[in-house]
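The next block is target_13.txt, given as compact mmCIF, C-alpha atoms (C1' of nucleotides).
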# COMPACT_ATOMS: atom_id res chain seq x y z
CA MET A 185 136.96 135.86 80.81
CA ALA A 186 139.36 134.12 83.19
CA SER A 187 141.42 137.07 82.04
CA GLU A 188 144.42 137.44 84.36
CA GLY A 189 144.26 135.58 87.66
CA PRO A 190 146.19 132.38 87.04
CA ILE A 191 144.02 129.50 88.13
CA SER A 192 141.51 130.08 90.83
CA PRO A 193 139.72 126.75 90.54
CA ALA A 194 136.17 127.27 91.62
CA GLU A 195 135.48 130.95 91.82
CA ASP A 196 136.80 132.33 88.61
CA LYS A 197 134.02 130.75 86.66
CA VAL A 198 131.39 132.13 89.02
CA ARG A 199 128.82 129.61 87.89
CA GLU A 200 125.59 131.35 88.66
CA GLU A 201 124.22 128.85 86.22
CA SER A 202 123.50 126.22 88.90
CA PRO A 203 122.56 127.87 92.18
CA ASP A 204 121.77 124.61 93.86
CA GLU A 205 118.02 125.18 94.12
CA LEU A 206 117.75 125.16 90.38
CA ARG A 207 119.92 122.11 90.18
CA ARG A 208 117.88 120.31 92.77
CA SER A 209 114.66 121.12 91.04
CA LYS A 210 115.99 119.77 87.77
CA GLU A 211 117.14 116.63 89.46
CA ALA A 212 113.74 116.11 91.03
CA PHE A 213 112.09 116.44 87.67
CA ILE A 214 114.52 113.99 86.13
CA SER A 215 113.90 111.38 88.81
CA HIS A 216 110.16 111.60 88.59
CA TRP A 217 110.14 111.45 84.84
CA GLY A 218 112.44 108.46 84.99
CA GLU A 219 110.17 106.82 87.49
CA MET A 220 107.11 107.32 85.34
CA GLY A 221 108.92 106.06 82.27
CA SER A 222 109.94 102.92 83.97
CA SER A 223 106.41 102.07 84.97
CA TRP A 224 105.37 102.48 81.35
CA GLY A 225 108.00 100.15 79.99
CA VAL A 226 110.56 102.77 79.06
CA PRO A 227 114.02 102.09 80.47
CA ARG A 228 114.62 104.40 83.35
CA SER A 229 117.83 105.79 81.95
CA MET A 230 116.16 106.54 78.65
CA ALA A 231 113.46 108.55 80.37
CA GLU A 232 116.06 110.30 82.50
CA ILE A 233 118.21 111.26 79.57
CA HIS A 234 115.18 112.66 77.87
CA ALA A 235 114.16 114.52 81.01
CA LEU A 236 117.59 116.06 81.34
CA LEU A 237 117.56 117.29 77.77
CA PHE A 238 114.04 118.60 78.13
CA ILE A 239 114.60 120.44 81.34
CA GLU A 240 117.91 121.93 80.26
CA GLY A 241 116.40 123.12 77.03
CA ARG A 242 119.78 123.58 75.37
CA PRO A 243 121.79 121.05 73.36
CA LEU A 244 124.02 118.80 75.46
CA CYS A 245 126.78 116.46 74.39
CA ALA A 246 127.28 112.86 75.45
CA ASP A 247 129.93 113.73 78.03
CA GLU A 248 127.74 116.17 79.85
CA ILE A 249 124.92 113.64 79.99
CA MET A 250 127.29 110.97 81.31
CA ASP A 251 128.48 113.31 84.03
CA ARG A 252 125.12 114.53 85.12
CA LEU A 253 123.36 111.16 85.18
CA GLN A 254 126.26 108.83 85.86
CA VAL A 255 125.57 106.48 83.01
CA SER A 256 127.96 104.85 80.61
CA ARG A 257 128.88 106.21 77.25
CA GLY A 258 127.43 103.17 75.53
CA ASN A 259 124.13 103.64 77.20
CA VAL A 260 124.03 107.32 76.30
CA SER A 261 124.85 106.62 72.69
CA THR A 262 122.25 103.88 72.27
CA THR A 263 119.58 105.79 74.09
CA LEU A 264 120.09 109.01 72.18
CA ARG A 265 119.71 107.10 68.98
CA GLN A 266 116.40 105.71 70.13
CA LEU A 267 115.15 109.06 71.30
CA ALA A 268 116.10 110.45 67.92
CA ASP A 269 114.20 107.61 66.23
CA TRP A 270 111.13 108.52 68.24
CA GLY A 271 111.71 112.05 67.04
CA ILE A 272 111.66 113.65 70.47
CA VAL A 273 115.34 114.52 70.44
CA THR A 274 117.35 115.97 67.61
CA ARG A 275 121.01 115.89 66.82
CA VAL A 276 122.48 119.35 66.58
CA ARG A 277 125.90 120.40 65.39
CA LEU A 278 127.48 123.30 67.21
CA ARG A 279 129.97 125.44 65.29
CA GLY A 280 133.50 124.84 66.32
CA ASP A 281 132.71 121.65 68.20
CA ARG A 282 133.16 118.26 66.67
CA LYS A 283 130.95 116.60 69.24
CA ASP A 284 127.37 115.74 68.51
CA HIS A 285 124.92 117.63 70.66
CA PHE A 286 121.34 116.71 71.38
CA GLN A 287 118.32 118.81 72.05
CA ALA A 288 114.86 117.73 73.18
CA GLU A 289 111.61 118.85 71.61
CA GLN A 290 110.40 121.71 73.78
CA ASP A 291 106.75 121.88 72.87
CA VAL A 292 104.94 119.54 75.21
CA TRP A 293 102.04 118.72 72.90
CA THR A 294 104.37 117.94 70.07
CA LEU A 295 106.35 115.80 72.45
CA LEU A 296 103.30 113.86 73.54
CA SER A 297 102.19 113.38 69.94
CA LEU A 298 105.56 111.99 69.00
CA ILE A 299 105.49 109.58 71.91
CA VAL A 300 102.00 108.40 71.03
CA ARG A 301 103.00 107.98 67.42
CA ALA A 302 106.06 105.91 68.24
CA ARG A 303 104.26 103.58 70.60
CA LYS A 304 101.33 103.19 68.31
CA ARG A 305 103.63 102.03 65.54
CA ARG A 306 105.63 99.68 67.63
CA GLU A 307 102.84 98.21 69.72
CA LEU A 308 99.32 98.93 68.68
CA GLU A 309 99.73 98.25 64.98
CA PRO A 310 101.25 94.78 65.31
CA LEU A 311 98.45 93.82 67.66
CA LEU A 312 95.84 95.07 65.21
CA ALA A 313 97.42 93.07 62.43
CA ALA A 314 97.30 89.96 64.58
CA LEU A 315 93.67 90.57 65.47
CA ASP A 316 92.86 90.92 61.81
CA ASP A 317 94.33 87.51 61.09
CA ALA A 318 92.73 85.97 64.12
CA SER A 319 89.31 87.22 63.29
CA SER A 320 89.36 86.26 59.65
CA ILE A 321 90.36 82.75 60.62
CA ALA A 322 87.62 82.74 63.23
CA ARG A 323 85.16 83.97 60.63
CA GLU A 324 85.90 81.08 58.30
CA ASP A 325 85.67 78.76 61.21
CA VAL A 326 82.11 79.77 62.07
CA ALA A 327 80.79 77.72 59.13
CA SER A 328 82.75 74.56 59.69
CA ALA A 329 82.82 74.49 63.47
CA ALA A 330 81.45 71.57 65.40
CA ASP A 331 79.82 74.08 67.73
CA PRO A 332 78.81 77.08 65.62
CA ARG A 333 77.32 78.84 68.61
CA ALA A 334 80.62 78.90 70.46
CA ALA A 335 82.46 79.90 67.32
CA LYS A 336 80.12 82.82 66.79
CA GLU A 337 80.48 84.08 70.32
CA HIS A 338 84.21 83.85 70.06
CA LEU A 339 84.20 85.80 66.84
CA ALA A 340 82.02 88.46 68.39
CA ARG A 341 84.48 88.93 71.24
CA LEU A 342 87.43 89.19 68.93
CA GLU A 343 85.64 91.68 66.77
CA SER A 344 84.52 93.90 69.59
CA MET A 345 88.10 94.21 70.72
CA GLN A 346 89.28 94.76 67.21
CA ASP A 347 86.70 97.45 66.53
CA ALA A 348 87.53 99.42 69.63
CA LEU A 349 91.25 99.33 69.01
CA LYS A 350 90.85 100.18 65.35
CA ARG A 351 88.79 103.17 66.29
CA LEU A 352 91.44 104.38 68.69
CA ASP A 353 94.05 103.79 66.04
CA ARG A 354 92.25 105.85 63.43
CA LEU A 355 91.52 108.54 65.94
CA SER A 356 95.13 108.86 66.99
CA ASP A 357 96.14 109.12 63.34
CA ARG A 358 94.14 112.29 63.13
CA PHE A 359 95.37 113.71 66.40
CA ILE A 360 98.97 113.30 65.66
CA GLY A 361 98.73 113.65 61.93
CA ARG A 362 100.54 116.55 60.26
CA GLY A 363 101.03 119.58 62.39
CA GLY A 364 101.88 118.41 65.87
CA LYS A 365 99.36 120.54 67.64
CA GLY A 366 96.61 118.07 66.83
CA LEU A 367 96.60 116.65 70.31
CA ASP A 368 96.46 120.06 71.88
CA VAL A 369 93.51 121.04 69.72
CA ALA A 370 91.67 117.81 70.36
CA VAL A 371 92.12 118.08 74.08
CA ARG A 372 90.90 121.67 74.20
CA LEU A 373 87.98 120.77 72.02
CA LEU A 374 86.92 117.88 74.18
CA THR A 375 87.37 119.78 77.37
CA SER A 376 84.98 122.40 76.17
CA LEU A 377 82.47 119.93 74.79
CA LEU A 378 82.16 117.44 77.58
CA MET B 103 100.24 49.77 71.21
CA ALA B 104 97.48 50.28 73.75
CA SER B 105 95.28 49.79 70.72
CA GLU B 106 92.59 47.55 72.16
CA GLY B 107 93.05 48.20 75.84
CA PRO B 108 90.07 49.38 77.85
CA ILE B 109 91.57 52.84 77.99
CA SER B 110 91.61 54.56 74.65
CA PRO B 111 93.16 57.82 75.86
CA ALA B 112 92.05 60.53 73.53
CA GLU B 113 88.94 59.44 71.74
CA ASP B 114 86.57 58.40 74.48
CA LYS B 115 85.92 61.94 75.60
CA VAL B 116 85.06 63.36 72.19
CA ARG B 117 85.52 66.99 73.29
CA GLU B 118 83.60 69.00 70.73
CA GLU B 119 84.00 71.80 73.21
CA SER B 120 87.42 72.73 71.85
CA PRO B 121 87.56 71.95 68.15
CA ASP B 122 91.17 72.87 67.82
CA GLU B 123 90.66 75.85 65.53
CA LEU B 124 88.76 77.66 68.23
CA ARG B 125 91.36 76.73 70.76
CA ARG B 126 94.17 77.90 68.53
CA SER B 127 92.47 81.18 67.88
CA LYS B 128 92.04 81.79 71.58
CA GLU B 129 95.64 80.96 72.19
CA ALA B 130 96.75 83.37 69.51
CA PHE B 131 94.72 86.13 71.09
CA ILE B 132 96.16 85.36 74.50
CA SER B 133 99.74 85.49 73.26
CA HIS B 134 99.31 88.74 71.45
CA TRP B 135 97.55 90.38 74.35
CA GLY B 136 100.30 89.16 76.63
CA GLU B 137 102.90 90.51 74.28
CA MET B 138 101.29 93.92 74.17
CA GLY B 139 100.89 94.00 77.92
CA SER B 140 104.50 93.27 78.47
CA SER B 141 105.61 96.13 76.29
CA TRP B 142 103.41 98.46 78.35
CA GLY B 143 104.86 97.38 81.63
CA VAL B 144 102.19 94.85 82.55
CA PRO B 145 103.60 91.45 83.50
CA ARG B 146 103.06 89.08 80.64
CA SER B 147 101.27 86.52 82.74
CA MET B 148 98.91 89.15 84.09
CA ALA B 149 97.94 90.19 80.60
CA GLU B 150 97.58 86.57 79.57
CA ILE B 151 95.35 85.68 82.46
CA HIS B 152 93.19 88.62 81.64
CA ALA B 153 93.12 87.66 77.97
CA LEU B 154 92.06 84.14 78.80
CA LEU B 155 89.21 85.32 80.96
CA PHE B 156 88.15 87.86 78.39
CA ILE B 157 88.19 85.52 75.46
CA GLU B 158 86.45 82.71 77.32
CA GLY B 159 83.76 85.03 78.51
CA ARG B 160 82.66 82.68 81.26
CA PRO B 161 83.90 82.50 84.86
CA LEU B 162 86.97 80.31 85.33
CA CYS B 163 88.54 79.02 88.53
CA ALA B 164 92.20 79.13 89.48
CA ASP B 165 92.84 75.53 88.50
CA GLU B 166 91.58 75.98 84.99
CA ILE B 167 93.75 79.04 84.54
CA MET B 168 96.78 77.19 85.85
CA ASP B 169 96.17 74.36 83.40
CA ARG B 170 95.56 76.47 80.38
CA LEU B 171 98.42 78.89 80.86
CA GLN B 172 100.87 76.74 82.79
CA VAL B 173 101.44 79.19 85.57
CA SER B 174 101.74 78.60 89.27
CA ARG B 175 98.90 78.84 91.74
CA GLY B 176 100.62 81.66 93.58
CA ASN B 177 100.96 83.68 90.45
CA VAL B 178 97.31 83.13 89.53
CA SER B 179 96.14 84.13 92.96
CA THR B 180 98.20 87.30 93.12
CA THR B 181 97.39 88.32 89.60
CA LEU B 182 93.66 87.79 89.96
CA ARG B 183 93.68 90.00 92.97
CA GLN B 184 95.36 92.75 91.02
CA LEU B 185 93.00 92.40 88.09
CA ALA B 186 90.14 92.63 90.53
CA ASP B 187 91.69 95.77 92.05
CA TRP B 188 91.80 97.32 88.61
CA GLY B 189 88.17 96.36 88.34
CA ILE B 190 88.52 94.51 85.05
CA VAL B 191 87.87 91.09 86.56
CA THR B 192 85.24 90.16 89.10
CA ARG B 193 85.04 87.35 91.59
CA VAL B 194 81.98 85.22 91.04
CA ARG B 195 80.57 82.49 93.23
CA LEU B 196 79.06 79.55 91.42
CA ARG B 197 76.32 77.61 93.18
CA GLY B 198 77.47 74.28 94.47
CA ASP B 199 81.14 75.08 94.01
CA ARG B 200 83.30 76.28 96.81
CA LYS B 201 85.96 77.56 94.46
CA ASP B 202 86.21 81.20 93.57
CA HIS B 203 85.58 81.88 89.92
CA PHE B 204 86.63 84.92 87.95
CA GLN B 205 85.07 86.67 85.06
CA ALA B 206 86.43 89.47 82.89
CA GLU B 207 84.58 92.63 81.98
CA GLN B 208 83.16 91.96 78.53
CA ASP B 209 82.44 95.45 77.32
CA VAL B 210 85.57 96.68 75.62
CA TRP B 211 85.02 100.38 76.25
CA THR B 212 84.36 99.79 79.89
CA LEU B 213 87.47 97.65 79.98
CA LEU B 214 89.59 100.38 78.44
CA SER B 215 88.17 102.98 80.81
CA LEU B 216 89.02 100.85 83.78
CA ILE B 217 92.56 100.34 82.56
CA VAL B 218 93.02 104.05 81.98
CA ARG B 219 91.63 104.83 85.38
CA ALA B 220 93.91 102.39 87.16
CA ARG B 221 97.05 103.60 85.44
CA LYS B 222 96.15 107.22 85.87
CA ARG B 223 95.85 106.69 89.60
CA ARG B 224 98.99 104.72 90.00
CA GLU B 225 101.21 106.66 87.65
CA LEU B 226 99.96 109.95 86.40
CA GLU B 227 98.71 111.34 89.68
CA PRO B 228 101.91 110.84 91.66
CA LEU B 229 103.84 112.54 88.88
CA LEU B 230 101.44 115.47 88.92
CA ALA B 231 101.82 115.83 92.64
CA ALA B 232 105.58 115.88 92.26
CA LEU B 233 105.39 118.48 89.52
CA ASP B 234 103.22 120.63 91.74
CA ASP B 235 105.83 120.61 94.44
CA ALA B 236 108.64 121.14 92.00
CA SER B 237 107.04 124.10 90.38
CA SER B 238 106.02 125.84 93.56
CA ILE B 239 109.57 125.54 94.81
CA ALA B 240 110.79 126.82 91.47
CA ARG B 241 108.34 129.70 91.68
CA GLU B 242 109.69 130.84 95.01
CA ASP B 243 113.15 130.47 93.67
CA VAL B 244 112.58 132.91 90.84
CA ALA B 245 112.78 135.84 93.24
CA SER B 246 115.86 134.81 95.14
CA ALA B 247 117.83 133.21 92.35
CA ALA B 248 121.27 134.44 91.44
CA ASP B 249 120.25 134.14 87.81
CA PRO B 250 116.54 135.02 87.60
CA ARG B 251 116.50 134.57 83.86
CA ALA B 252 117.50 130.92 84.11
CA ALA B 253 115.12 130.36 86.99
CA LYS B 254 112.27 131.80 84.97
CA GLU B 255 112.97 129.65 81.96
CA HIS B 256 113.17 126.60 84.13
CA LEU B 257 109.86 127.41 85.74
CA ALA B 258 108.28 127.90 82.34
CA ARG B 259 109.39 124.45 81.23
CA LEU B 260 108.10 122.80 84.35
CA GLU B 261 104.80 124.57 84.05
CA SER B 262 104.27 123.74 80.41
CA MET B 263 104.70 120.07 81.22
CA GLN B 264 102.48 120.38 84.24
CA ASP B 265 99.75 122.15 82.33
CA ALA B 266 99.62 119.60 79.58
CA LEU B 267 99.52 116.66 81.95
CA LYS B 268 96.94 118.31 84.15
CA ARG B 269 94.75 118.90 81.17
CA LEU B 270 94.99 115.26 80.16
CA ASP B 271 94.27 114.28 83.72
CA ARG B 272 91.12 116.35 83.92
CA LEU B 273 90.04 115.20 80.51
CA SER B 274 90.38 111.55 81.40
CA ASP B 275 88.37 112.15 84.55
CA ARG B 276 85.48 113.10 82.39
CA PHE B 277 85.90 110.28 79.92
CA ILE B 278 86.02 107.59 82.46
CA GLY B 279 83.82 109.25 85.02
CA ARG B 280 80.55 107.58 86.02
CA GLY B 281 79.01 105.45 83.34
CA GLY B 282 81.76 103.55 81.63
CA LYS B 283 80.74 104.41 78.12
CA GLY B 284 82.38 107.81 78.40
CA LEU B 285 85.34 106.76 76.36
CA ASP B 286 83.17 105.28 73.67
CA VAL B 287 81.14 108.46 73.42
CA ALA B 288 84.21 110.66 73.35
CA VAL B 289 85.85 108.63 70.64
CA ARG B 290 82.76 108.63 68.45
CA LEU B 291 82.36 112.34 68.98
CA LEU B 292 85.90 113.14 68.03
CA THR B 293 85.87 110.86 65.05
CA SER B 294 82.93 112.73 63.65
CA LEU B 295 84.29 116.17 64.48
CA LEU B 296 87.84 115.95 63.27
C1' DG C 30 86.36 72.74 117.47
C1' DC C 31 88.02 69.89 113.77
C1' DG C 32 89.28 68.66 109.25
C1' DA C 33 88.76 69.35 104.36
C1' DA C 34 88.79 72.56 100.68
C1' DC C 35 90.40 76.33 99.07
C1' DT C 36 93.28 80.85 98.98
C1' DT C 37 97.04 83.80 100.09
C1' DT C 38 101.69 84.90 101.14
C1' DC C 39 106.46 85.33 100.48
C1' DA C 40 111.45 83.87 100.31
C1' DG C 41 114.24 82.55 97.10
C1' DA C 42 114.82 80.76 92.09
C1' DA C 43 114.39 81.74 87.46
C1' DG C 44 114.25 84.77 83.90
C1' DA C 45 114.29 89.18 81.48
C1' DT C 46 116.04 93.65 80.89
C1' DT C 47 119.23 97.10 81.14
C1' DC C 48 123.89 98.78 81.60
C1' DT C 49 128.82 98.88 81.18
C1' DG C 50 133.19 99.41 79.03
C1' DA C 51 136.51 98.27 75.98
C1' DA C 52 137.27 97.36 71.25
C1' DA C 53 135.97 98.38 66.62
C1' DG C 54 134.23 101.79 63.61
C1' DT C 55 133.79 106.40 61.58
C1' DT C 56 135.03 111.01 60.24
C1' DC C 57 137.91 114.70 59.50
C1' DG C 58 141.90 117.77 59.04
C1' DC C 59 146.18 117.76 57.34
C1' DG D 167 147.01 107.79 54.31
C1' DC D 168 147.55 108.81 59.16
C1' DG D 169 146.28 110.03 63.66
C1' DA D 170 143.12 112.39 66.73
C1' DA D 171 138.48 113.02 68.12
C1' DC D 172 134.48 111.21 68.53
C1' DT D 173 130.64 107.47 68.13
C1' DT D 174 128.81 102.91 67.92
C1' DT D 175 128.53 98.15 69.02
C1' DC D 176 127.93 94.17 71.74
C1' DA D 177 129.29 90.33 75.00
C1' DG D 178 128.93 89.68 79.45
C1' DA D 179 127.89 91.75 84.19
C1' DA D 180 124.72 93.80 87.06
C1' DT D 181 120.21 94.65 88.25
C1' DC D 182 115.41 94.36 88.44
C1' DT D 183 111.14 91.87 87.73
C1' DT D 184 108.42 88.07 87.73
C1' DC D 185 107.35 83.39 89.03
C1' DT D 186 107.22 79.26 91.77
C1' DG D 187 105.82 76.29 95.40
C1' DA D 188 105.41 75.05 99.87
C1' DA D 189 103.80 76.70 104.22
C1' DA D 190 100.54 79.49 106.62
C1' DG D 191 96.02 81.31 106.59
C1' DT D 192 91.04 81.26 105.93
C1' DT D 193 86.41 79.50 105.56
C1' DC D 194 82.93 76.30 106.01
C1' DG D 195 80.15 72.23 107.06
C1' DC D 196 79.36 69.34 110.55

I need this file expressed as structure tokens, please.
Amino acid sequence: MASEGPISPAEDKVREESPDELRRSKEAFISHWGEMGSSWGVPRSMAEIHALLFIEGRPLCADEIMDRLQVSRGNVSTTLRQLADWGIVTRVRLRGDRKDHFQAEQDVWTLLSLIVRARKRRELEPLLAALDDASSIAREDVASAADPRAAKEHLARLESMQDALKRLDRLSDRFIGRGGKGLDVAVRLLTSLL
Amino acid sequence: MASEGPISPAEDKVREESPDELRRSKEAFISHWGEMGSSWGVPRSMAEIHALLFIEGRPLCADEIMDRLQVSRGNVSTTLRQLADWGIVTRVRLRGDRKDHFQAEQDVWTLLSLIVRARKRRELEPLLAALDDASSIAREDVASAADPRAAKEHLARLESMQDALKRLDRLSDRFIGRGGKGLDVAVRLLTSLL
DNA sequence: GCGAACTTTCAGAAGATTCTGAAAGTTCGC
DNA sequence: GCGAACTTTCAGAATCTTCTGAAAGTTCGC
């Protein structure tokens, strides 16, 4: 292509690829996803970078992300690493290009599973560990306490919280365990049962 | 010093009520709950105030919360209002006391349902509305687009995200709908099925 | 209607998080 | 081993969120 005409800046690469409406729609998706992320404690630019990769569907390199979202190279690099750690973005090498490219998981249920898994590890599990400690200390304390009644009630509260969270934890292990479609299956199942 | 004076600061009010171990255990719970909250986008002090009310189990007034957590009156007031909006804390009037008192929901499954409900309203639903708009625009665009192939793929991506989120939305309606124990039931059900 | 008791509001301060960009690091072909 | 292409790191800047506290608002008994 670009065969003979010397350099006709805009037209020669007749970029049907972004006919404005499409571009606007992508941008809307990116903003909303970023918005949602930020209310769930995910840095806005992280959510946006993910949204861009998801909605483009093809592997993009750092420079393209910087251009499209107007964020710094450092930010892009750090964020892509984190997204890769979560497993929702993968590094892809394109033949003939030394740049790293990145591609987002395209299956939505797999995506959601991976997100759940990552957050569970980082946030739910440490809390459960702490509750375990807290309640075993409280359990010992029931015997020796000056006010055993109060100690017992306290223990009961801790344990009810612990039980519920443990149950959710075990449940999510099964949903997201091997496969990836676990969540999808579970949701369909429940929808039909309830 | 101050050994024989009429005021013997600590000992005279032999407070069995907080035998140190109990107090420490409560404080540990409060910190961890606060920690978790803050990684899920809930202000730390909001999560802590809730944790305090939950773990005490009895109605507390603003002053007691301020003392225990060392936060300002303004913060306590604002936060209690929000917790009440979420429905996980209720305002209680105690006979003979003009102060408002606040009490946290004690049933953990009800608590979790209420949290899910609140966040769904504030965050999931607006996103769904936006996706609806985005995909109907994209749908119209498929006809007129310069590159219908690209437009179709884009629409497919939007819709797959929309479908999954809608399904979760409907599902959570049922879980949390009337009752409060919906979540509990669903979790037990799934645990036995999967 | 007045004052005391209590609560809410909100502008600005304090604090936390996120982002930038340039320098250091890595990798690769030659 | 060298330089070009690319990536990562991280100190400090920019930004966003949360918190404080004092003033304004409300409610209630009298």

Atomic separation - CA of Glu261 in chain B relative to CA of Ala248 in chain B, Å: 20.6 Å

Considering all atoms listed in the file, return as a short mmCIF file (atom, residue, chain, number, x, y, z; two decimals) with C-alpha atoms (C1' of nucleotides), in the coordinates of the input whatever protein or nucleic-acid residues lie within 12 Å of DA53 in chain C, sequence-local ones (same chain, fewer than 5 positions apart) excluded.
data_model
loop_
_atom_site.label_atom_id
_atom_site.label_comp_id
_atom_site.auth_asym_id
_atom_site.auth_seq_id
_atom_site.Cartn_x
_atom_site.Cartn_y
_atom_site.Cartn_z
"C1'" DT D 173 130.64 107.47 68.13
"C1'" DT D 174 128.81 102.91 67.92
"C1'" DT D 175 128.53 98.15 69.02
"C1'" DC D 176 127.93 94.17 71.74
#

Could you produce a table of the residues of chain C lying within 9 Å of chain A, with the nearest pair of atoms per residue and their separation in Å rounded to one decimal, using only C-alpha atoms (C1' of nucleotides), ordered by chain and increasing residue number, as a tab-separated table?
residue	atom	partner	partner_atom	distance
C:DT46	C1'	A:Pro227	CA	8.7
C:DT47	C1'	A:Pro227	CA	7.2
C:DC48	C1'	A:Asn259	CA	6.6
C:DT49	C1'	A:Ser256	CA	6.1
C:DG50	C1'	A:Ser256	CA	7.7

Take the selection from the previous step and output its residues with C-alpha atoms (C1' of nucleotides), as an mmCIF file, keeping the file's coordinate frame.
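What landed in part39.cif:
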data_model
loop_
_atom_site.group_PDB
_atom_site.id
_atom_site.type_symbol
_atom_site.label_atom_id
_atom_site.label_comp_id
_atom_site.auth_asym_id
_atom_site.auth_seq_id
_atom_site.Cartn_x
_atom_site.Cartn_y
_atom_site.Cartn_z
ATOM 1 C "C1'" DT C 46 116.040 93.650 80.890
ATOM 2 C "C1'" DT C 47 119.230 97.100 81.140
ATOM 3 C "C1'" DC C 48 123.890 98.780 81.600
ATOM 4 C "C1'" DT C 49 128.820 98.880 81.180
ATOM 5 C "C1'" DG C 50 133.190 99.410 79.030
#

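If all atoms listed in the file are the atoms counted, then among A:Leu367, A:Ile249, A:Met230, A:Leu278 the closest residue to chain B is A:Leu367.
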
Identical-sequence pair chain B and chain A: C-alpha RMSD when superposed in order: 3.4 Å

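Among B:Asp265, B:Glu255, B:Asp122, B:Glu137, the residue with the shortest atom-to-atom distance to Val292 in chain A, counting only C-alpha atoms, is B:Asp265.
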
Gap from CA of Leu229 in chain B to CA of Gly139 in chain B - Å, one decimal: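 So the answer is 21.7 Å.
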
For chain D, the nearest of the candidates A:Glu309, A:Glu211, A:Asp284, A:Asp331, counting only C-alpha atoms (C1' of nucleotides): A:Asp284

Give me the residues within 10 Å of DT38 in chain C as a PDB file with C-alpha atoms (C1' of nucleotides), in the coordinates of the input, counting all atoms listed in the file and dropping any in the same chain fewer than 3 places off.
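Saved result, around.pdb, follows:
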ATOM      1  CA  GLY B 176     100.620  81.660  93.580  1.00  0.00           C
ATOM      2  CA  SER B 179      96.140  84.130  92.960  1.00  0.00           C
ATOM      3  CA  THR B 180      98.200  87.300  93.120  1.00  0.00           C
TER       4      THR B 180
ATOM      5  C1'  DA D 189     103.800  76.700 104.220  1.00  0.00           C
ATOM      6  C1'  DA D 190     100.540  79.490 106.620  1.00  0.00           C
ATOM      7  C1'  DG D 191      96.020  81.310 106.590  1.00  0.00           C
TER       8       DG D 191
END

Counting only C-alpha atoms (C1' of nucleotides), what is within 12 Å of DC59 in chain C, bar same-chain residues fewer than 5 positions away, as an mmCIF file with C-alpha atoms (C1' of nucleotides), in the coordinates of the input?
data_model
loop_
_atom_site.group_PDB
_atom_site.id
_atom_site.type_symbol
_atom_site.label_atom_id
_atom_site.label_comp_id
_atom_site.auth_asym_id
_atom_site.auth_seq_id
_atom_site.Cartn_x
_atom_site.Cartn_y
_atom_site.Cartn_z
ATOM 1 C "C1'" DG D 167 147.010 107.790 54.310
ATOM 2 C "C1'" DC D 168 147.550 108.810 59.160
ATOM 3 C "C1'" DG D 169 146.280 110.030 63.660
ATOM 4 C "C1'" DA D 170 143.120 112.390 66.730
#

Distance in Å - CA of Glu232 in chain A versus CA of Ala247 in chain B: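 Calculated distance between CA of Glu232 in chain A and CA of Ala247 in chain B is 25.0 Å.
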
Name the residues in contact with DC196 in chain D at a cut-off of 12 Å, using only C-alpha atoms (C1' of nucleotides), excluding same-chain residues fewer than 5 positions from it; report them as a PDB file with C-alpha atoms (C1' of nucleotides), in the coordinates of the input.
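The resulting file, result01.pdb, is shown below:
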ATOM      1  C1'  DG C  30      86.360  72.740 117.470  1.00  0.00           C
ATOM      2  C1'  DC C  31      88.020  69.890 113.770  1.00  0.00           C
ATOM      3  C1'  DG C  32      89.280  68.660 109.250  1.00  0.00           C
ATOM      4  C1'  DA C  33      88.760  69.350 104.360  1.00  0.00           C
TER       5       DA C  33
END

Distance-based interface of chain B with chain A, 7 Å, counting only C-alpha atoms, as a list in words: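 Listed by rising number, the hits are Glu118, Pro121, Leu124, Ser127, His134, Met138, Ser141, Trp142, Gly143, Ile157, Val210, Glu225, Leu229, Ala236, Ala240, Ala248, Asp249, Ala253, His256, Arg259, Ser262, Met263, Ala266, Leu273 and Thr293 of chain B.
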
With 5 Å on each side, where is the centre of the axis-aligned box around all listed atoms of range 324-327 of chain A, and how long are its edges in Å to one decimal, as JSON?
{"center_x": 83.3, "center_y": 79.4, "center_z": 60.2, "size_x": 15.1, "size_y": 13.4, "size_z": 13.8}

Contact residues around DA42 in chain C with all atoms listed in the file at 12 Å, ignoring same-chain residues under 4 positions, as a ChimeraX atom specification: /D:184-187

Pick from A:Leu253, A:Cys245, A:Ile233, A:Ile299 nearest to chain D, counting only C-alpha atoms (C1' of nucleotides):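 Closest candidate: A:Cys245.
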